[in-house]
Every structure is written in structure tokens, then in C-alpha cells.
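Report on one structure; see the data block that follows.
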Amino acid sequence: MQMIETGRTLWTRLAWLMCSLALTVWPCPVEATSSPANANGSIITPVGPASAELHVQVINMTLDTDGRRPVLHVQAQLTLETTDDKGQQQVKLRIAGSPNIAPKSITLTVNKHPVPLQADTSSALATQITLSPGQRVHLELGYDELLPEEPLISISYDLSTAWPTKDGSALARLRLPSNVPREAWVSVDPSPTQFDGQAVEWHFTQAAPDLQVRMEIVSPAVWNKITAPSATRGDLAGALAQIDTLLSLVAVDAPNGPAFTRFYPLALARIDRAMQTAADNPELHLRLARLYALHRQDDGAIPATYAALVAAEAEAAVRLGAPTNKVEPLLRQAYQDLLEANRAAGRWEEAIAYLDKLSKLPGNTPTLGEERQSLQLHLARARLKAGDWIGAERIAHRALGDSSQTVRIDPPPWLQSALARVETWPGRRVITVQMFPAPGRADDAVSQAHKALQSLRSLGVAQVTAAATGESVEFQITIPIQDAGYFIASSRALANALPSEPEWAFLSQLLRPKTFRWDQLNHRLYKSVVYAEDVNLHPANDVWDARASQVEQETQTAISGLSGPVNDLIREMGKVSAAAWRDLGQYVQARYIVHLHPTDGTPRQWLIFPDDTGVHHLSAAAVEFTFGPLRWLRIGGMKQSEGLPLAGKGS
């Protein structure tokens with residue numbers, strides 16, 4: 001074991017020295033935990049119970065890259081010792097290996113004597129040997145394995161065997177050709193215990209360690225292409241060829257393998273450099289899209305961040321004239337993955353946008369229409385949840401298509417809440433109402449407010465002003481008080497002039513006092529004022545309850561001809577609309593304020609809500625003395641006033 005650790009230490013020092021002195025451009029190889037290639041090697045295994053133990057295993061591998069395909073020449077040597085002392089034993093051997101091994105190249109010797117091999121199965125050869133008690137047997141297996149023509153040459157050998165073993169040692173040696181420099185190494189696992197510049201060795205104190213020795217290198221042809229002098233600025237064809245070579249290399253083990261990790265930044269840099277002088281070349285954008293598309297998740301999808309980059313570069317390639325058949329697969333993959341990512345995140349508008357892009361590609365399927373309706377219904381529900389009923393309705397009608405003409409549901413009120421201040425002074429009443437529209441209903445509020453303003457002003461019985469901001473619409477109505485009869489008649493005329501839409505029921509009730517009294521007596525020694533008014537705002541609440549019931553009936557009619565998700569959405573929209581009408585009274589209030597004389601510093605106040613039942617009787621009275629000495633007393637704090645108890649929910 002000490003030998004192994006010492007070897008690893010020497011190798012580590014050597015690797016760091018080489019990286020620091022000669023490999024400043026090319027990073028050192030990493031120990032690979034995964035590889036794109038399957039295990040190479042042909043293993044000798046006993047058939048049936050083995051009567052010999054493995055003591056020594058030596059694997060000599062030589063990589064030959066002179067031909068069209070790389071070839072791995074292997075010599076596997078096993079030293080066995082028999083364990084059966086009862087006489088000679090016949091042991092059947094099977095040789096099973098990679099289908100890339102040429103059968104004619106396989107040779108087996110026992111104690112340096114050739115042994116004939118016969119076909120055992122379609123993928124194995126077999127033979128039989130005789131073992132004597134206490135005999136040491138040397139098996140040597142040789143063969144040639146053709147490796148795939150890939151940018152990355154992957155070599156591995158499984159040292160574990162089916163032979164029993166107690167002690168011993170193992171050595172695996174890989175000799176590389178002269179045209180494979182140290183910089184072309186991509187990964188090696190485990191770390192070699194020795195490297196003499198051309199051969200890599202792994203030493204083990206076990207005859208059959210349970211592992212594979214593995215190594216990945218860039219093929220000489222590919223290495224020559226990516227290390228050739230960079231293409232000149234005018235040689236776009238040369239730059240594209242070099243980029244294509246890098247793309248083929250990083251695609252071998254994308255997106256997390258050692259080749260991808262090492263060469264992806266280089267491929268990105270080469271494309272970026274070429275774009276500095278040929279930004280309008282569609283092939284460069286197409287290759288950049290392909291490079292981004294190599295980032296894949298376990299399920300094969302491109303992560304949303306990279307999918308957006310793939311889509312952007314592929315779209316740029318199309319705009320610049322790239323052939324559709326080259327770009328369409330990338331766009332389809334990117335749009336589909338972006339659609340799924342936005343669907344999973346609940347970003348329904350973005351999902352619909354990518355579905356629309358996907359549907360414009362050649363060969364779109366009819367199911368995209370069904371998928372679009374499903375996404376629209378999800379979006380409508382999201383808008384409904386956010387309080388945008390009108391937006392939800394608009395989307396729902398698009399989802400329903402032709403059948404939307406038969407679906408009719410009254411929307412919620414455009415009025416979301418309102419604050420009113422009814423302030424009465426000697427000779428005038430000022431009603432100020434702030435109306436806050438629901439989301440998406442500001443235009444409705446402004447339109448109806450303009451209509452109401454024109455109608456109220458046309459009567460000529462009050463001064464009316466209105467103002468609209470992005471958040472509210474404000475009305476101010478100043479009504480003169482000449483006498484109670486004139487005041488009541490003027491107020492009711494204003495109420496009748498309001499639009500018929502139910503949102504105006506609140507202001508209408510403010511303009512409809514059931515009774516009104518303002519009596520003022522001027523005596524030589526004193527002045528007296530008596531105010532009384534009966535107020536009932538509950539009829540506004542009744543109007544809204546009636547509208548809620550109407551919406552519920554409309555909803556039942558609408559869903560009678562629908563089914564499935566659309567049915568559920570319409571029912572939910574009707575429920576939201578009815579609830580908004582029915583609950584409106586909770587978000588509307590009026591504060592009545594009465595100033596009994598012009599200098600009244602302590603006016604009486606009442607707070608009234610439309611959902612209050614019954615009539616509220618508001619009343620107050622005050623006396624002010626005008627005789628000289630008493631006036632002085634009043635100024636000193638002896639002012640007399642009285643009023644009846646407050647009505648409503650507060651003061």
C-alpha cells in the first residue's frame with residue numbers, strides 16, 4: 001500500500017510541474033468519475049468452480065493511431081496457482097469481451113504454449129486447460145480492439161476478475177503514441193503511479209482490485225485541428241471548421257464531463273472572436289446556439305437560462321438567412337423547454353408566448369390548440385386571483401372561442417371602495433366623495449364619472465367639480481341651503497340625474513335625505529341653531545345585493561352548456577363577481593359633519609355605512625349669546641351648545 005501512495009505523490013508533483021511550466025494554455029486532466037465510453041477489455045473467466053487462485057495480473061496496452069481508426073493492442077497476463085491437491089483438474093475457460101475485438105486477433109497461451117480457441121457463444125470464445133496440483137500457470141491473452149472514431153478516445157480496462165485471490169499484485173500499463181502529447185490528456189482515473197513521458201502505469205498491491213483503469217485523450221486528428229494556428233481574420237471558413245471541431249469534442253460528454261468542462265470555454269471564445277469581424281454571419285449564430293444547447297438536464301431538457309440563449313441565437317440565425325431545416329430543431333427544443341419551464345413556474349403569459357412561437361414552426365400538431373386553451377384558462381385564473389376580473393374575462397373569452405358569444409356574466413363593480421364626507425355649514429352642504437376603481441377598471445370609472453359630471457352640471461342647482469387621478473375619481477357637490485324644502489328638492493334632483501349603473505347607488509343615497517331641518521333664530525340677546533336629519537344608506541346595499549343575485553343567476557345559465565375546466569372557470573368568475581357586489585357595502589362609508597355656526601370649532605360627526613340597517617336620526621343644537629358681558633364670557637369658554645347622542649358606528 002505504501003508503494004501506491006508514494007507513486008501517487010510522485011505523479012502529483014510531476015503533473016503540477018508540467019502544468020506550471022509547459023501547459024499554461026491547456027489545463028491538467030482531472031480524475032474522471034464518469035466516462036462516455038464503455039469498459040474495453042477481454043476477460044478470461046473460469047466456467048464453474050475455479051480450482052486456482054490469481055496471484056499476479058499484468059495488463060500491457062498500446063494505443064496505435066496510425067490507421068483510419070485507433071487500435072488498442074492488449075496483452076493480459078495472469079499468473080495462477082492451483083489450489084486442488086487431489087490430482088489433475090480440467091478447467092474450462094471463457095473469453096468474453098467487446099464486440100469491437102477482431103476474433104482473428106485473439107491469441108491465448110498457457111505457459112507460453114498456444115491454446116486453440118473455439119466459439120462458445122455468439123460473443124465469447126472458450127477452451128479447456130489441465131491444471132496439476134501445486135502448479136503455477138501463466139496465461140497470456142492477446143487481442144486487438146478497434147476503438148470508435150470519436151473526437152475523444154476513451155480507454156479502460158476492468159481489473160476485477162472472477163478468479164479467487166488472496167494476495168498478489170497488479171500492473172496496468174498504457175503506452176501512448178508519439179503524436180499524443182501530454183496536453184491532449186483529458187482525464188485519468190485513478191491517478192497513475194508512474195509516467196515516463198510516453199507510458200502511463202498503475203500499480204496495485206492486489207491482484208484483482210475492484211476497479212477500472214481509465215483514460216481519455218483527444219484524438220490526434222482533432223488535437224491537430226484545435227491547436228493549429230488560429231484562422232486569420234479573413235479566413236471565416238477556417239474559423240468555422242475549427243469551431244465545428246471543438247463542438248464535436250465538447251458534445252462527447254456534455255454537459256458535465258471533463259472534455260466539456262475543459263473545452264467549452266475555448267469553443268465559446270473562438271465563436272466570440274469570429275463574431276467580432278463577422279457578426280452578421282448566420283453560421284456563427286447557429287453554432288453558438290448549438291453550443292448553448294449542449295447544456296442539458298437529466299431529462300434531456302435545456303435549462304431555461306440556456307434555452308433562452310439558444311432561442312435568441314437561433315432566431316438571429318434565421319433573420320440572417322440560415323437554412324430553416326438547420327435551425328428548426330434548435331428552435332423547437334428551446335421553445336418547448338421554455339414553455340415547460342414557464343408553465344412549471346406559473347408564468348402563464350410567457351408560456352403562451354412560447355407556445356405561439358412553437359405553433360408557427362413547421363409540423364405543429366393539432367394538440368397545440370388544446371394546450372393553448374389550457375394555458376389561457378390557467379392565466380385567467382391567475383388574473384382572477386390577482387383581482388383583475390376584467391382581464392380574466394377577456395382571456396376566458398379568447399379561450400372559449402366561438403362559444404364565448406353565448407356566455408354572459410355581469411362583471412364586479414368598477415367601484416372597489418369609496419369614502420364620502422358630507423359636511424353641512426350654515427347656508428350650504430358640501431358632499432365630497434372619493435371613489436377608488438378596481439384593478440383594470442379605471443377607464444370605466446373615468447368614463448362614468450364624466451357622464452355623471454355632465455348630467456349634474458346640466459341641472460344648475462349645485463356647484464359640481466370632479467377630478468381623476470390614476471388611483472381614484474373625486475366628486476365635490478356644493479348644494480345651497482335656502483330652506484329645507486328647496487334643499488331636499490335640489491338634492492333629489494341631483495340624485496335622479498346620476499347614471500343608472502348600480503355603483504352610483506351610494507352617492508344617490510347621500511343625495512336623498514329622508515328628512516332635513518335647519519332652523520336658525522336670531523334674537524337680540526342670542527342666536528340658536530337646530531339641525532336634524534334622517535339618513536338611510538341601506539338602499540344602496542339592497543341595490544348591490546340585487547345585482548349579486550342577478551350575477552348568480554347569469555352564472556347558472558352560462559355554465560349549463562359548458563363542461564370541464566371552462567365550466568369551473570365561469571363558475572368561479574361568477575362567484576367572484578357576486579361576492580364583490582355583495583361585499584361592496586363593507587368598503588364604503590360616509591362621515592356626516594355639521595357646523596352649527598361659522599366659527600364652530602367642535603362640529604358634530606357621525607360615521608355611517610351602507611350595510612347599516614334602519615334610519616339614522618342625526619340632530620344637534622347650539623345657542624350663542626350676543627349680549628356684551630355674556631359674549632365676553634363665551635369667549636372665555638362659557639359657550640353653550642348641546643346636541644343629541646351620536647348615531648352610526650363612530651364619531
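As shown in the C-alpha cells, the chain order sets the letters A, B, ...; within each chain, residues go from 1, and ligands are also counted from 1 in the order they appear.
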
**Report entry** Residue neighbourhood Leu415 in chain A, 7 Å, only C-alpha atoms, exclusion window fewer than 5 positions, as a PyMOL selection string
**Finding:** chain A and resi 435-438+503

**Asked** Within 10 Å of range 606-615 of chain A, counting only C-alpha atoms, which residues qualify if same-chain residues fewer than 3 places away don't, as a ChimeraX atom specification?
**Response** /A:420-422,505-506,509,514,533-542,582-594,618,645-651

* Quick one: residues within 12 Å of range 45-49 of chain A, only C-alpha atoms counted, chain neighbours fewer than 2 positions away excluded, as a PyMOL selection string? -> chain A and resi 42-43+51-54+78+80+83-84+89-97+120+124-129+139+141+160-164

For range 138-226 of chain A versus range 253-269 of chain A, which residues have an atom no more than 12 Å away, and what is each residue's nearest atom pair and distance in Å rounded to one decimal, using only C-alpha atoms, chain-then-number order, as CSV?
residue,atom,partner,partner_atom,distance
A:Glu150,CA,A:Asp253,CA,11.4
A:Pro151,CA,A:Ala259,CA,10.0
A:Leu152,CA,A:Ala259,CA,8.0
A:Ile153,CA,A:Ala259,CA,10.9
A:Ser154,CA,A:Asp253,CA,11.2
A:Glu183,CA,A:Arg262,CA,11.5
A:Ala184,CA,A:Ala259,CA,10.4
A:Trp185,CA,A:Ala259,CA,9.5
A:Val186,CA,A:Ala259,CA,6.1
A:Ser187,CA,A:Pro258,CA,6.6
A:Val188,CA,A:Pro258,CA,10.0
A:Asp189,CA,A:Pro258,CA,11.8
A:Met215,CA,A:Pro258,CA,11.1
A:Glu216,CA,A:Ala259,CA,8.7
A:Ile217,CA,A:Ala259,CA,9.0
A:Val218,CA,A:Ala259,CA,8.6
A:Ser219,CA,A:Ala259,CA,12.0
A:Trp223,CA,A:Phe263,CA,11.5
A:Ile226,CA,A:Leu266,CA,9.5

Go ahead and write the residues just picked, all heavy atoms, as a compact mmCIF listing (two decimals), in the first residue's frame.
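Saved file part_19.txt follows:
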# COMPACT_ATOMS: atom_id res chain seq x y z
N GLU A 150 -14.07 8.65 -32.67
CA GLU A 150 -14.67 9.76 -31.93
C GLU A 150 -13.60 10.82 -31.67
O GLU A 150 -12.40 10.53 -31.67
CB GLU A 150 -15.24 9.27 -30.60
CG GLU A 150 -16.34 8.24 -30.73
CD GLU A 150 -17.64 8.85 -31.26
OE1 GLU A 150 -17.74 10.10 -31.27
OE2 GLU A 150 -18.53 8.08 -31.65
N PRO A 151 -14.05 12.08 -31.43
CA PRO A 151 -13.06 13.11 -31.10
C PRO A 151 -12.28 12.77 -29.82
O PRO A 151 -11.13 13.16 -29.67
CB PRO A 151 -13.91 14.37 -30.91
CG PRO A 151 -15.18 14.09 -31.65
CD PRO A 151 -15.41 12.63 -31.54
N LEU A 152 -12.94 12.06 -28.93
CA LEU A 152 -12.32 11.70 -27.65
C LEU A 152 -12.10 10.19 -27.62
O LEU A 152 -13.05 9.41 -27.75
CB LEU A 152 -13.23 12.14 -26.50
CG LEU A 152 -12.61 12.22 -25.10
CD1 LEU A 152 -11.55 13.31 -25.07
CD2 LEU A 152 -13.69 12.50 -24.07
N ILE A 153 -10.84 9.77 -27.48
CA ILE A 153 -10.52 8.35 -27.37
C ILE A 153 -10.59 7.96 -25.90
O ILE A 153 -9.89 8.55 -25.06
CB ILE A 153 -9.13 8.05 -27.94
CG1 ILE A 153 -9.07 8.40 -29.42
CG2 ILE A 153 -8.77 6.58 -27.72
CD1 ILE A 153 -7.70 8.22 -30.04
N SER A 154 -11.44 6.98 -25.61
CA SER A 154 -11.61 6.53 -24.23
C SER A 154 -11.11 5.10 -24.11
O SER A 154 -11.54 4.22 -24.85
CB SER A 154 -13.09 6.63 -23.83
OG SER A 154 -13.26 6.20 -22.50
N GLU A 183 -0.47 17.26 -23.16
CA GLU A 183 -1.56 18.25 -23.10
C GLU A 183 -2.87 17.72 -23.64
O GLU A 183 -3.93 18.28 -23.37
CB GLU A 183 -1.16 19.51 -23.88
CG GLU A 183 0.07 20.21 -23.32
CD GLU A 183 1.35 19.73 -23.97
OE1 GLU A 183 1.38 18.57 -24.44
OE2 GLU A 183 2.31 20.50 -24.01
N ALA A 184 -2.81 16.64 -24.44
CA ALA A 184 -4.03 16.09 -25.03
C ALA A 184 -4.79 15.19 -24.06
O ALA A 184 -5.87 14.72 -24.39
CB ALA A 184 -3.70 15.31 -26.30
N TRP A 185 -4.22 14.93 -22.88
CA TRP A 185 -4.94 14.15 -21.89
C TRP A 185 -6.15 14.95 -21.39
O TRP A 185 -6.06 16.15 -21.12
CB TRP A 185 -4.07 13.83 -20.69
CG TRP A 185 -2.91 12.93 -20.97
CD1 TRP A 185 -2.37 12.60 -22.18
CD2 TRP A 185 -2.13 12.27 -19.99
NE1 TRP A 185 -1.30 11.77 -22.04
CE2 TRP A 185 -1.12 11.54 -20.70
CE3 TRP A 185 -2.15 12.21 -18.61
CZ2 TRP A 185 -0.18 10.77 -20.04
CZ3 TRP A 185 -1.21 11.45 -17.95
CH2 TRP A 185 -0.23 10.72 -18.66
N VAL A 186 -7.25 14.29 -21.25
CA VAL A 186 -8.46 14.94 -20.73
C VAL A 186 -8.78 14.46 -19.32
O VAL A 186 -9.09 15.23 -18.43
CB VAL A 186 -9.67 14.68 -21.67
CG1 VAL A 186 -10.95 15.25 -21.07
CG2 VAL A 186 -9.41 15.30 -23.02
N SER A 187 -8.70 13.15 -19.09
CA SER A 187 -8.95 12.63 -17.74
C SER A 187 -8.23 11.31 -17.56
O SER A 187 -7.94 10.60 -18.54
CB SER A 187 -10.45 12.43 -17.52
OG SER A 187 -10.95 11.39 -18.33
N VAL A 188 -7.92 11.00 -16.33
CA VAL A 188 -7.28 9.74 -16.00
C VAL A 188 -7.76 9.33 -14.61
O VAL A 188 -7.87 10.15 -13.71
CB VAL A 188 -5.74 9.86 -16.05
CG1 VAL A 188 -5.24 10.94 -15.10
CG2 VAL A 188 -5.08 8.53 -15.75
N ASP A 189 -8.07 8.03 -14.46
CA ASP A 189 -8.63 7.55 -13.20
C ASP A 189 -8.27 6.07 -13.02
O ASP A 189 -8.53 5.27 -13.93
CB ASP A 189 -10.15 7.73 -13.21
CG ASP A 189 -10.79 7.29 -11.91
OD1 ASP A 189 -10.15 7.50 -10.85
OD2 ASP A 189 -11.90 6.73 -11.95
N MET A 215 -8.72 6.16 -19.08
CA MET A 215 -8.02 7.34 -19.59
C MET A 215 -8.75 7.85 -20.82
O MET A 215 -9.22 7.07 -21.65
CB MET A 215 -6.58 6.99 -19.94
CG MET A 215 -5.72 8.21 -20.27
SD MET A 215 -3.97 7.78 -20.41
CE MET A 215 -3.25 9.41 -20.51
N GLU A 216 -8.86 9.16 -20.92
CA GLU A 216 -9.47 9.81 -22.07
C GLU A 216 -8.49 10.81 -22.65
O GLU A 216 -7.91 11.62 -21.91
CB GLU A 216 -10.77 10.52 -21.69
CG GLU A 216 -11.89 9.58 -21.31
CD GLU A 216 -13.16 10.32 -20.91
OE1 GLU A 216 -13.08 11.54 -20.66
OE2 GLU A 216 -14.21 9.67 -20.85
N ILE A 217 -8.31 10.75 -23.95
CA ILE A 217 -7.41 11.67 -24.63
C ILE A 217 -8.09 12.19 -25.88
O ILE A 217 -8.98 11.55 -26.44
CB ILE A 217 -6.07 10.99 -25.01
CG1 ILE A 217 -6.34 9.80 -25.93
CG2 ILE A 217 -5.31 10.56 -23.76
CD1 ILE A 217 -5.09 9.15 -26.45
N VAL A 218 -7.70 13.36 -26.30
CA VAL A 218 -8.20 13.91 -27.56
C VAL A 218 -7.49 13.18 -28.70
O VAL A 218 -6.27 13.00 -28.69
CB VAL A 218 -7.94 15.42 -27.64
CG1 VAL A 218 -8.44 15.98 -28.96
CG2 VAL A 218 -8.58 16.13 -26.47
N SER A 219 -8.27 12.74 -29.69
CA SER A 219 -7.67 12.02 -30.81
C SER A 219 -6.66 12.93 -31.52
O SER A 219 -6.83 14.14 -31.58
CB SER A 219 -8.74 11.57 -31.79
OG SER A 219 -9.24 12.67 -32.52
N TRP A 223 -6.83 16.88 -32.13
CA TRP A 223 -5.88 17.73 -31.42
C TRP A 223 -5.13 18.65 -32.39
O TRP A 223 -4.92 19.83 -32.11
CB TRP A 223 -4.89 16.85 -30.65
CG TRP A 223 -3.90 17.65 -29.86
CD1 TRP A 223 -2.60 17.87 -30.17
CD2 TRP A 223 -4.15 18.36 -28.65
NE1 TRP A 223 -2.00 18.67 -29.24
CE2 TRP A 223 -2.93 18.99 -28.29
CE3 TRP A 223 -5.26 18.53 -27.86
CZ2 TRP A 223 -2.81 19.76 -27.15
CZ3 TRP A 223 -5.15 19.31 -26.71
CH2 TRP A 223 -3.94 19.92 -26.37
N ILE A 226 -7.50 21.62 -33.35
CA ILE A 226 -7.80 22.66 -32.35
C ILE A 226 -6.55 23.38 -31.88
O ILE A 226 -6.65 24.45 -31.26
CB ILE A 226 -8.56 22.08 -31.14
CG1 ILE A 226 -7.69 21.06 -30.39
CG2 ILE A 226 -9.86 21.46 -31.56
CD1 ILE A 226 -8.35 20.52 -29.14

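Taking only C-alpha atoms, the non-local environment of range 290-295 of chain A within 9 Å (same-chain residues fewer than 6 positions away omitted) comprises Leu247, Val250, Ala251, Ala254, Pro255, Asn256, Tyr264, Ala267, Leu268, Ala301, Ile302, Pro303, Tyr306, Ala307, Leu309, Val310, Glu313, Ala314, Leu330, Gln333 and Ala334 of chain A.
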
Taking the DSSP secondary structure from the backbone, can you list the residues of range 13-261 of chain A that are strand (DSSP E or B), as an MDAnalysis selection string? chainID A and resid 30 40 43:47 52:64 71:82 89:96 101 107:110 113:114 118:121 124:131 136:146 152:158 169:175 185:189 194:195 199:204 212:218

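Of note, CA of Ala345 in chain A and CA of Leu361 in chain A are spaced 24.2 Å apart.
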
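Distances from A:Gly460, A:Gln520, A:Ser455, A:Gln135 to Gln482 in chain A were compared using only C-alpha atoms, and the smallest one belongs to A:Gln520.
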
Filtered DSSP result for range 539-596 of chain A, state helix (DSSP H, G or I), as a PyMOL selection string
chain A and resi 539-559+564-587

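Among the candidate residues A:Leu521, A:Ala442, A:Leu459, A:Val566, the one lying nearest to Arg492 in chain A is A:Leu459, with distances computed using only C-alpha atoms.
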
Neighbouring residues of Ile390 in chain A were defined as those with any atom within 12 Å, considering only C-alpha atoms; residues of the same chain fewer than 3 positions away were excluded. Please report them as a PyMOL selection string. chain A and resi 380-381+383-387+393-397+409-414+438-444+573-574+576-577

Nearest to Ile155 in chain A, restricted to only C-alpha atoms and choosing among A:Thr227, A:Thr109, A:Thr62, A:Gln605, comes out as A:Thr62

Exercise: Asn100 in chain A partners within 8 Å, only C-alpha atoms, chain neighbours under 6 positions left out, as a PyMOL selection string
chain A and resi 145-147

Could the residues in this selection be written to a file with all heavy atoms, as a PDB file, in the first residue's frame?
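Output saved as selection_34.pdb:
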ATOM      1  N   GLU A 145      -8.257  -4.375 -30.358  1.00  0.00           N
ATOM      2  CA  GLU A 145      -9.618  -3.811 -30.273  1.00  0.00           C
ATOM      3  C   GLU A 145      -9.690  -2.517 -31.070  1.00  0.00           C
ATOM      4  O   GLU A 145      -8.911  -1.581 -30.831  1.00  0.00           O
ATOM      5  CB  GLU A 145     -10.015  -3.554 -28.824  1.00  0.00           C
ATOM      6  CG  GLU A 145     -11.419  -3.002 -28.687  1.00  0.00           C
ATOM      7  CD  GLU A 145     -11.887  -2.891 -27.242  1.00  0.00           C
ATOM      8  OE1 GLU A 145     -11.079  -3.183 -26.346  1.00  0.00           O
ATOM      9  OE2 GLU A 145     -13.043  -2.507 -27.030  1.00  0.00           O
ATOM     10  N   LEU A 146     -10.626  -2.487 -31.994  1.00  0.00           N
ATOM     11  CA  LEU A 146     -10.851  -1.263 -32.763  1.00  0.00           C
ATOM     12  C   LEU A 146     -11.679  -0.292 -31.927  1.00  0.00           C
ATOM     13  O   LEU A 146     -12.765  -0.629 -31.447  1.00  0.00           O
ATOM     14  CB  LEU A 146     -11.582  -1.590 -34.066  1.00  0.00           C
ATOM     15  CG  LEU A 146     -10.783  -2.341 -35.128  1.00  0.00           C
ATOM     16  CD1 LEU A 146     -11.695  -2.719 -36.293  1.00  0.00           C
ATOM     17  CD2 LEU A 146      -9.621  -1.490 -35.627  1.00  0.00           C
ATOM     18  N   LEU A 147     -11.170   0.915 -31.750  1.00  0.00           N
ATOM     19  CA  LEU A 147     -11.876   1.927 -30.961  1.00  0.00           C
ATOM     20  C   LEU A 147     -12.732   2.801 -31.886  1.00  0.00           C
ATOM     21  O   LEU A 147     -12.400   2.984 -33.061  1.00  0.00           O
ATOM     22  CB  LEU A 147     -10.878   2.783 -30.194  1.00  0.00           C
ATOM     23  CG  LEU A 147      -9.956   2.022 -29.233  1.00  0.00           C
ATOM     24  CD1 LEU A 147      -9.022   2.984 -28.520  1.00  0.00           C
ATOM     25  CD2 LEU A 147     -10.762   1.221 -28.219  1.00  0.00           C
TER      26      LEU A 147
END
